[in-house]
Structure formats: C-alpha cells, structure tokens
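Peer 1: Before I ask anything, here is the structure I am working with.
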Amino acid sequence: MLITHARIATLGPEPQLIEDGAILIQDGKIAAVDTTMALATQYPDEERLDAEGQLALPAALCGHTHFYGAFARGWGYPGPPATHFVEILERLWWKLDKALTLDDVRYSALVCLADAVRHGTTTLIDHHASPHAIAGSLDVIAEAVLQSGIRASLCYEVTDRDGPALAQAGIDENARFLQRMRAAPHPQLAASFGLHASLTLSDETLAACVAAAEPFETGFHIHAAEGIADVEDSLAKSGQRVIHRLRDAGILGPRTVVAHAVHVDEREMDALAETGTWVTHQPRSNMNNAVGFAQVEALLARGARVSLGNDGFSNNMVAEMKTAYLGHKLVQNDPRAMPGDLVFRLAYAANADLARVFWPEQTLGVLAPGAMADIVLLDYHPTTPLTAGNLPWHILFGYEASAITTTISAGRVLMRRRELLTLDEEEITARSRELAEKTWARV
C-alpha cells in the first residue's frame, strides 16, 4: 500500500516533517518515505490510501496497562472515599479482579483494545489479574489481541494475597504462556513473568517465581514503590527498601518492567540504573491514587530507563503525555520541569526501546524505512507554523486524540475514517455492558 498526500512527522533521532509526503508499506513494514510525487511515480500500480493532507505520525505505545480494569468504569464503591492507597486496592481492585470470569476477561480486553485502536495506540504491555479465572486467562486475552490487529505483551500478576494455591496457579499461568510463546511465536504477541507488588509477595514466592522464569530467559513485570505502604512493608519484611529487596531477590534486570517507582531514594535509583531495569511512569494513575509522582528527571539523570504507561486508564496516550507535562510542573512548582520534548521522548523513543525487549526484530515509534508500519493519520491542521522541532508542543497544546481518523498496525488498517475494521464495537459494547452488570452484582 502507498499512503499519499500526508504531512509526515517521522520522529526518530533525526526527525523530519515532509510536506505532501508518501509512505510505501510492504510486508507490514515501511519500505520508503518520500514525497508523494517521488513515490507515486516510482510505484504507479501500488494500492493507494489518500491521506488528504492529514498529519501522519508513528502510532502510540503504552509501557504498562491493565486490560482487566475496564469493568471498573463508573463503579463508585459505597461509603466514604478511601483514605490511602491500600484501601483503594482493597475496596475496588481486589474486589473487581476476584469477580472476573474468563468471559469478563475476554470482553475487558476487547473494550480496551477497541479503545486503543480508536486512540491510535498499537503496542501495549499488559499486566493481568483474575484470581478465580487464572488458568487460560492469558490465552483468552491473546485471542482478543490477535482479533484486534495490535500487538501486546501479556503476563499474569502473581500474588500471595489469595493464598498459596492461587499464587502457584499464577506462576503456572505465566510459565505456560511463556512456553506457548517459545513454541509458537507470533509477531503480535509477547510474554513476561508477572508479579503484583512487593507488599503482596513473600520471599518464598519471589524465589519460586525466579525459579519458574529462569528457563525462559525472561524478565518480570511488577508494581514497585507505588505507594508508601509498599516501602513500609518491604522494610518490615526485609529491612530493605523495595527496589533493593527486588534486586536481591533476582527480579531486576534489562528485561524487567517496574511500574511507578514513586517512592524510591537515590540509592534505589542507582540500583535501577545499574541493573538496566525499565521504569514506567503513569501520571494519571498516580494523581488518581494520590500516591505522589515519580522523580522522572532524577531517574533519567542517574541513568535509569524510563518510559510511559497508563496503568489501565484509557489508551489515549496523548492524554497521558499532557498529564505528565502539566503534572510535573505543578508538583515541582517549576515551569521548567518535564519539558515537552522529554515527554515526547518517553512516549515514543523510550517506549519503542522498551518494546524491543519483547519484539527485538521490530522497530517502532518512527516512520522510516525498515520500521514497522504502525501509523496514525490525524485530522490536524494547525493555525500556527508546524515544524519537526516544535511538534511536541503542537501535540501537547493543539491536538486532541479525537483528531485520529486512521490507525494502521504492521501495515494492516485497523481503523479508517474513524470506523473500526477489525473489532465490532457495537457488539463489544453491548456484551461488555451485560457482563459488567453481572460482575458488579457478584461484587
């Protein structure tokens, strides 16, 4: 396919803005990027997709999410508001996940995948929990991912909070899915070994997870130091702060994703950097749970690798970018904090580097020959000059995700003129509403 008449923002280490540009797609990858005149002349018989002057960008990526949380939308738990983070877990998330069936798991995933396609997010790293529907849950999510056309890395979050039998079932589900990915790899799917958080994991369970993961040469995906309770629990259990406890347990490393890392000190930042561990930042979630904000710029200054996730909020990563840009300025009382180009780097370059952990053969986050053809078209026509250099501030101040009209992943058109082509949004909405009502009743 040849996309023509686009205003192409390539991103990447040498970003360009190509007026009246064209993108040639072959075998799911970008084969050429040039002007429409040049490529249309060179490939006159190629199927055309006329962008009609729209802005073309690389599709968005998400470093940490929870598909299973979709059924929490609109659910206000009774009584006064929670007073601290663990109470939020106990009153909302740990009640919801226990009520999920495999049907709920499937439709929670489909709801989030439709949301991702609509918001131009084609790569997600998911972290799943359904304590009474563990076995086969990752296969159910994988089926939904394949149907949607996007790519996702999956894992099951092991925890001790439901007893040793269910902790072992979570370990088994991770190992089973990792074995499936080893035996039958698929370009849309990947796997890691999921863990909930230090505060719900004993030393014995951590050791069992490390042993189970070892044959697969994989990393882990875990919440760490999200709330102060995690730090207090780790100190009580081990005499160490969270990151040091996880390091000594063998959890950290260049294939491991640590979500949040809000309450870490400088020595922990150094440990994250020294081990090459990935940190994902979720500003909307951190604000919602009132746990504080990660010291992203300090982490980066000490050499840690930081990317951007959404923790189960909408897969509108532009909203996450805007929250990161504004929130850090407010928290630090400094308008210089978290500049727009840094936000952009986390959302695209860093997330693309994180994706290479799971899909080492796929280049994402850039429109350049050899990269995967993950592309969005935006009906955005700015009233001020747009250049490759000021694009981040156009995205932060001028552009809304509602401008996305077309989403393409690996050369496959998933949404065209705002119509989803791989997912039946009407059926997903009707069935998920029916299932969610039953889930709420069980809770």
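Residues in the structure tokens are named by chain (A, B, ... in the order shown) and by number from 1 within that chain; ligands are numbered from 1 in the order shown.
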List the neighbours of stretch 50-58 of chain A out to 8 Å using only C-alpha atoms; skip same-chain residues closer than 2 positions along the sequence, and give me the result as a list of chain:residue names.
Peer 2: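 In the requested form, the answer reads A:Ile3, A:Thr4, A:His5, A:Ala6, A:Arg7, A:Ile8, A:Ala9, A:Thr10, A:Leu11, A:Asp20, A:Arg48, A:Ala60, A:Leu364, A:Gly365, A:Val366, A:Leu367, A:Asp374, A:Ile375, A:Val376, A:Leu377, A:Leu378, A:Asp379, A:Tyr380, A:His381.
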Peer 1: Would you kindly return, as number ranges by chain, each protein, DNA or RNA residue with an atom no farther than 8 Å from any atom of stretch 268-274 of chain A, considering only C-alpha atoms and excluding same-chain residues fewer than 6 positions away?
Peer 2: A: 241, 243-244, 247, 252, 299, 302-305
Peer 1: Give me the residues within 12 Å of A:Pro81 as a PDB file with N, CA and C atoms, in the first residue's frame, counting only C-alpha atoms and dropping any in the same chain fewer than 6 places off.
Peer 2:
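File written: out18.pdb
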ATOM      1  N   GLU A  87      -6.194   0.957  50.809  1.00  0.00           N
ATOM      2  CA  GLU A  87      -7.648   0.893  50.940  1.00  0.00           C
ATOM      3  C   GLU A  87      -8.322   0.940  49.567  1.00  0.00           C
ATOM      4  N   ILE A  88      -7.762   1.680  48.631  1.00  0.00           N
ATOM      5  CA  ILE A  88      -8.285   1.695  47.255  1.00  0.00           C
ATOM      6  C   ILE A  88      -8.173   0.306  46.644  1.00  0.00           C
ATOM      7  N   ARG A  91     -10.783  -2.026  48.437  1.00  0.00           N
ATOM      8  CA  ARG A  91     -12.197  -1.722  48.230  1.00  0.00           C
ATOM      9  C   ARG A  91     -12.622  -1.756  46.771  1.00  0.00           C
ATOM     10  N   LEU A  92     -11.662  -1.621  45.867  1.00  0.00           N
ATOM     11  CA  LEU A  92     -12.017  -1.585  44.443  1.00  0.00           C
ATOM     12  C   LEU A  92     -11.357  -2.727  43.679  1.00  0.00           C
ATOM     13  N   ASN A 289      -4.671   8.081  42.531  1.00  0.00           N
ATOM     14  CA  ASN A 289      -4.458   7.347  43.780  1.00  0.00           C
ATOM     15  C   ASN A 289      -3.752   8.171  44.845  1.00  0.00           C
TER      16      ASN A 289
END
Peer 1: In Å, rounded to a single decimal, give me how far atom CA of A:Asp203 is from atom CA of A:Thr218.
Peer 2: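 Atom CA of A:Thr218 sits 19.4 Å away from atom CA of A:Asp203.
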Peer 1: Can you list, as a VMD selection string, every protein, DNA or RNA residue that comes within 9 Å of stretch 173-182 of chain A when you count only C-alpha atoms, leaving out same-chain residues fewer than 2 positions away?
Peer 2: chain A and resid 134 to 139 154 to 158 168 to 171 184 to 186 189 to 194 212 to 213 216 218
Peer 1: Convert the current residue selection to file output with C-alpha atoms, as a CSV table (one decimal), in the first residue's frame.
Peer 2:
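Just written: part_27.csv:
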chain,number,residue,atom,x,y,z
A,134,ILE,CA,-6.4,-17.8,36.2
A,135,ALA,CA,-5.9,-20.9,34.0
A,136,GLY,CA,-6.1,-20.0,30.3
A,137,SER,CA,-6.7,-16.3,31.0
A,138,LEU,CA,-3.6,-15.2,29.0
A,139,ASP,CA,-4.8,-17.3,26.1
A,154,LEU,CA,1.0,-10.4,28.4
A,155,CYS,CA,1.6,-11.7,31.9
A,156,TYR,CA,-0.3,-12.8,35.0
A,157,GLU,CA,0.4,-10.9,38.2
A,158,VAL,CA,1.4,-13.4,40.9
A,168,GLN,CA,1.1,-21.2,42.4
A,169,ALA,CA,-1.7,-21.0,39.8
A,170,GLY,CA,-0.4,-17.6,38.8
A,171,ILE,CA,3.1,-18.9,38.5
A,184,ALA,CA,4.8,-20.8,18.6
A,185,PRO,CA,5.9,-17.1,18.5
A,186,HIS,CA,3.6,-14.6,16.9
A,189,LEU,CA,2.2,-11.4,21.0
A,190,ALA,CA,4.9,-11.5,23.6
A,191,ALA,CA,5.2,-12.5,27.2
A,192,SER,CA,6.9,-11.7,30.5
A,193,PHE,CA,6.5,-13.0,34.1
A,194,GLY,CA,4.0,-11.0,36.1
A,212,ALA,CA,10.0,-20.7,37.2
A,213,ALA,CA,11.1,-17.9,35.0
A,216,PHE,CA,12.6,-18.8,29.6
A,218,THR,CA,12.5,-13.6,30.6
Peer 1: Check stretch 141-170 of chain A with DSSP on the backbone and list each residue it calls helix (DSSP H, G or I), as JSON, numbers by chain.
Peer 2: {"A": [141, 142, 143, 144, 145, 146, 147, 148, 164, 165, 166, 167, 168, 169, 170]}
Peer 1: Mind writing the picked residues with N, CA and C atoms as an mmCIF file, in the first residue's frame?
Peer 2:
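Resulting contents of selection-v4.cif:
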data_model
loop_
_atom_site.group_PDB
_atom_site.id
_atom_site.type_symbol
_atom_site.label_atom_id
_atom_site.label_comp_id
_atom_site.auth_asym_id
_atom_site.auth_seq_id
_atom_site.Cartn_x
_atom_site.Cartn_y
_atom_site.Cartn_z
ATOM 1 N N ILE A 141 -6.955 -13.480 26.511
ATOM 2 C CA ILE A 141 -6.535 -12.122 26.150
ATOM 3 C C ILE A 141 -5.802 -12.150 24.811
ATOM 4 N N ALA A 142 -4.960 -13.151 24.615
ATOM 5 C CA ALA A 142 -4.208 -13.256 23.357
ATOM 6 C C ALA A 142 -5.140 -13.366 22.155
ATOM 7 N N GLU A 143 -6.210 -14.135 22.294
ATOM 8 C CA GLU A 143 -7.190 -14.245 21.206
ATOM 9 C C GLU A 143 -7.772 -12.875 20.858
ATOM 10 N N ALA A 144 -8.096 -12.096 21.874
ATOM 11 C CA ALA A 144 -8.642 -10.758 21.640
ATOM 12 C C ALA A 144 -7.614 -9.860 20.959
ATOM 13 N N VAL A 145 -6.369 -9.955 21.394
ATOM 14 C CA VAL A 145 -5.294 -9.151 20.795
ATOM 15 C C VAL A 145 -5.142 -9.499 19.309
ATOM 16 N N LEU A 146 -5.118 -10.779 18.988
ATOM 17 C CA LEU A 146 -4.975 -11.188 17.592
ATOM 18 C C LEU A 146 -6.147 -10.684 16.759
ATOM 19 N N GLN A 147 -7.335 -10.742 17.325
ATOM 20 C CA GLN A 147 -8.516 -10.245 16.615
ATOM 21 C C GLN A 147 -8.406 -8.751 16.334
ATOM 22 N N SER A 148 -7.859 -8.002 17.272
ATOM 23 C CA SER A 148 -7.813 -6.542 17.143
ATOM 24 C C SER A 148 -6.816 -6.080 16.086
ATOM 25 N N PRO A 164 -1.639 -19.703 48.992
ATOM 26 C CA PRO A 164 -0.562 -20.366 48.231
ATOM 27 C C PRO A 164 -1.038 -21.080 46.969
ATOM 28 N N ALA A 165 -2.253 -21.630 46.978
ATOM 29 C CA ALA A 165 -2.718 -22.361 45.797
ATOM 30 C C ALA A 165 -2.893 -21.427 44.609
ATOM 31 N N LEU A 166 -3.478 -20.263 44.847
ATOM 32 C CA LEU A 166 -3.685 -19.325 43.742
ATOM 33 C C LEU A 166 -2.380 -18.637 43.342
ATOM 34 N N ALA A 167 -1.460 -18.466 44.294
ATOM 35 C CA ALA A 167 -0.138 -17.957 43.926
ATOM 36 C C ALA A 167 0.547 -18.924 42.965
ATOM 37 N N GLN A 168 0.459 -20.226 43.266
ATOM 38 C CA GLN A 168 1.062 -21.223 42.383
ATOM 39 C C GLN A 168 0.350 -21.258 41.038
ATOM 40 N N ALA A 169 -0.972 -21.072 41.046
ATOM 41 C CA ALA A 169 -1.709 -21.049 39.770
ATOM 42 C C ALA A 169 -1.246 -19.889 38.903
ATOM 43 N N GLY A 170 -0.957 -18.737 39.530
ATOM 44 C CA GLY A 170 -0.435 -17.600 38.767
ATOM 45 C C GLY A 170 0.941 -17.884 38.190
#
Peer 1: List as a PyMOL selection string the protein and nucleic acid residues near A:Leu39, meaning an atom at most 9 Å away when only C-alpha atoms are counted, but skip any in the same chain fewer than 5 places from it.
Peer 2: chain A and resi 2+4+21-24+32-34+44
Peer 1: Would you save the residues of that selection, restricted to C-alpha atoms, as a short mmCIF file (atom, residue, chain, number, x, y, z; two decimals), in the first residue's frame?
Peer 2:
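Contents of again02.cif, as written:
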data_model
loop_
_atom_site.label_atom_id
_atom_site.label_comp_id
_atom_site.auth_asym_id
_atom_site.auth_seq_id
_atom_site.Cartn_x
_atom_site.Cartn_y
_atom_site.Cartn_z
CA LEU A 2 1.12 3.55 -0.68
CA THR A 4 -0.08 9.56 -0.32
CA GLY A 21 4.68 13.05 1.72
CA ALA A 22 4.12 9.40 0.96
CA ILE A 23 4.84 6.15 2.80
CA LEU A 24 5.32 2.85 0.97
CA ALA A 32 10.19 4.05 1.71
CA VAL A 33 9.32 7.57 2.88
CA ASP A 34 9.47 10.43 0.39
CA PRO A 44 2.34 3.77 -10.05
#
Peer 1: Contacts of stretch 330-343 of chain A at 10 Å or less, counting only C-alpha atoms, minus same-chain residues fewer than 3 places along, as an mmCIF file with C-alpha atoms, in the first residue's frame?
Peer 2:
data_model
loop_
_atom_site.group_PDB
_atom_site.id
_atom_site.type_symbol
_atom_site.label_atom_id
_atom_site.label_comp_id
_atom_site.auth_asym_id
_atom_site.auth_seq_id
_atom_site.Cartn_x
_atom_site.Cartn_y
_atom_site.Cartn_z
ATOM 1 C CA GLY A 292 2.837 11.103 44.584
ATOM 2 C CA PHE A 293 4.791 11.496 41.363
ATOM 3 C CA GLN A 295 11.043 11.649 40.071
ATOM 4 C CA VAL A 296 11.372 11.024 36.370
ATOM 5 C CA GLU A 297 14.059 13.586 35.624
ATOM 6 C CA SER A 307 9.023 5.097 29.629
ATOM 7 C CA LEU A 308 5.329 5.999 29.746
ATOM 8 C CA GLU A 320 -1.052 10.647 29.445
ATOM 9 C CA MET A 321 1.550 12.845 27.779
ATOM 10 C CA LYS A 322 -0.355 16.012 28.613
ATOM 11 C CA THR A 323 -0.780 14.929 32.225
ATOM 12 C CA ALA A 324 2.944 14.213 32.534
ATOM 13 C CA TYR A 325 3.801 17.591 31.032
ATOM 14 C CA LEU A 326 1.488 19.558 33.330
ATOM 15 C CA GLY A 327 1.617 17.424 36.462
ATOM 16 C CA LEU A 346 9.339 8.965 26.915
ATOM 17 C CA ALA A 347 6.192 8.335 24.878
ATOM 18 C CA TYR A 348 7.864 7.415 21.594
ATOM 19 C CA ALA A 349 11.622 6.728 21.702
ATOM 20 C CA ALA A 350 11.735 5.199 25.189
ATOM 21 C CA GLY A 389 11.249 20.797 16.133
ATOM 22 C CA ASN A 390 8.036 22.196 17.626
ATOM 23 C CA LEU A 391 5.849 19.123 17.061
ATOM 24 C CA PRO A 392 5.798 18.099 20.761
ATOM 25 C CA TRP A 393 4.189 21.385 21.754
ATOM 26 C CA HIS A 394 1.618 21.113 18.970
ATOM 27 C CA ILE A 395 0.664 17.692 20.314
ATOM 28 C CA LEU A 396 0.527 18.969 23.899
#
Peer 1: Would you please extract all strand (DSSP E or B) residues from stretch 342-440 of chain A, as assigned by DSSP on the backbone, and give them as number ranges by chain?
Peer 2: A: 372, 375-378, 404-409, 412-416, 419-420
Peer 1: Distance atom CA of A:Ala116-atom CA of A:Asp104, one decimal place?
Peer 2: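 According to the coordinates, atom CA of A:Ala116 and atom CA of A:Asp104 are separated by 18.1 Å.
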Peer 1: I'd like the interatomic distance between atom CA of A:Ala301 and atom CA of A:Val264, to a tenth of an Å.
Peer 2: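 Separation of atom CA of A:Ala301 and atom CA of A:Val264: 14.2 Å.
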Peer 1: Select, from A:Asp160, A:Asp248, A:Asp126, A:Glu204, the residue with the minimum atom-to-atom distance to A:Asn315, counting only C-alpha atoms.
Peer 2: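 Ranked by minimum distance to A:Asn315, first place goes to A:Asp126.
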Peer 1: List the neighbours of A:Ser130 out to 7 Å using only C-alpha atoms; skip same-chain residues closer than 6 positions along the sequence, and give me the result as a ChimeraX atom specification.
Peer 2: /A:97-98,100
Peer 1: Any chance you could export the current selection's N, CA and C atoms as a compact mmCIF listing (two decimals), in the first residue's frame?
Peer 2:
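Written output follows (selection_22.txt):
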# COMPACT_ATOMS: atom_id res chain seq x y z
N ASP A 97 -11.15 -7.84 40.64
CA ASP A 97 -10.43 -8.93 39.95
C ASP A 97 -10.91 -10.30 40.42
N LYS A 98 -11.32 -10.42 41.70
CA LYS A 98 -11.81 -11.70 42.18
C LYS A 98 -13.15 -12.10 41.54
N LEU A 100 -14.01 -11.62 38.36
CA LEU A 100 -13.93 -11.78 36.91
C LEU A 100 -13.98 -13.25 36.49
Peer 1: Which one of A:Val279, A:Leu435, A:Ile30, A:Leu199 sits closest to A:Lys237 if you count only C-alpha atoms?
Peer 2: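 Closest to A:Lys237 of all the choices is A:Leu199.
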Peer 1: Taking only C-alpha atoms into account, which of A:Ser198, A:Leu206, A:Ala152, A:Gly74 comes nearest A:Glu232?
Peer 2: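 Among A:Ser198, A:Leu206, A:Ala152, A:Gly74, it is A:Ser198 that comes nearest to A:Glu232.
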Peer 1: A:Thr439, A:Thr280, A:Thr363, A:Thr422: which is nearest A:Leu110, counting only C-alpha atoms?
Peer 2: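 Among A:Thr439, A:Thr280, A:Thr363, A:Thr422, it is A:Thr422 that comes nearest to A:Leu110.
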